[in-house]
Amino acid sequence: NQSIQVFGGTYGDQHGGFNLTNGRILRELENFDKIATACRAAYPAGHSLHEVVQEMFDRYELFAKNFFNVAKLMKSQRKIDSEEFDGKLLDMILAYDAAFPDESYITKLHFLVYHVPGLSKSTVLWGGFQRRATNQFIQCLTISRTVLST
């Protein structure tokens, strides 16, 4: 708990753990190199786990950097090219798969990876994107329920 709190995170039981949403996650991702440096120092050179931890945090840092780039675009109020977003998203996906090869995507990451790229073709202003994407997703669910109930 204390190590996360040093970097600005808070513990929230209602979220099942640490609450690193919105601005907090951007701050964490932007400063992940400091977190990684602290974690890398846990095992000194010569320790049997030193190299393992170094390699793990190389992958984690690459993912955090790419995730930060995607999150920053999604929070942006500027117009962006959907190809720019798709390129950054692809970099993030590849870094995630390298960092967590045996893990499936959590729900929000699944939505980002599989559903946002199609929506991004028609959306050029990303501030407020989450509201529009959620509304479109709810419309799709409503249509699906109607079709399945008949």
# chains A, B, ... in the order shown; residues from 1 in each chain; ligands from 1
>>> residues_around(residues="region 50-65 of chain A", least_positions_apart="4", cutoff="12 Å", atoms="only C-alpha atoms", output="PyMOL selection string")
chain A and resi 25-46+69-72+88-101
>>> closest_residue(among="A:Glu103, A:Leu112, A:Ser48, A:Arg24", to="Met74 (chain A)", atoms="only C-alpha atoms")
A:Leu112
>>> atom_distance(atom1="CA of Ile80 (chain A)", atom2="CA of Phe68 (chain A)")
15.9 Å
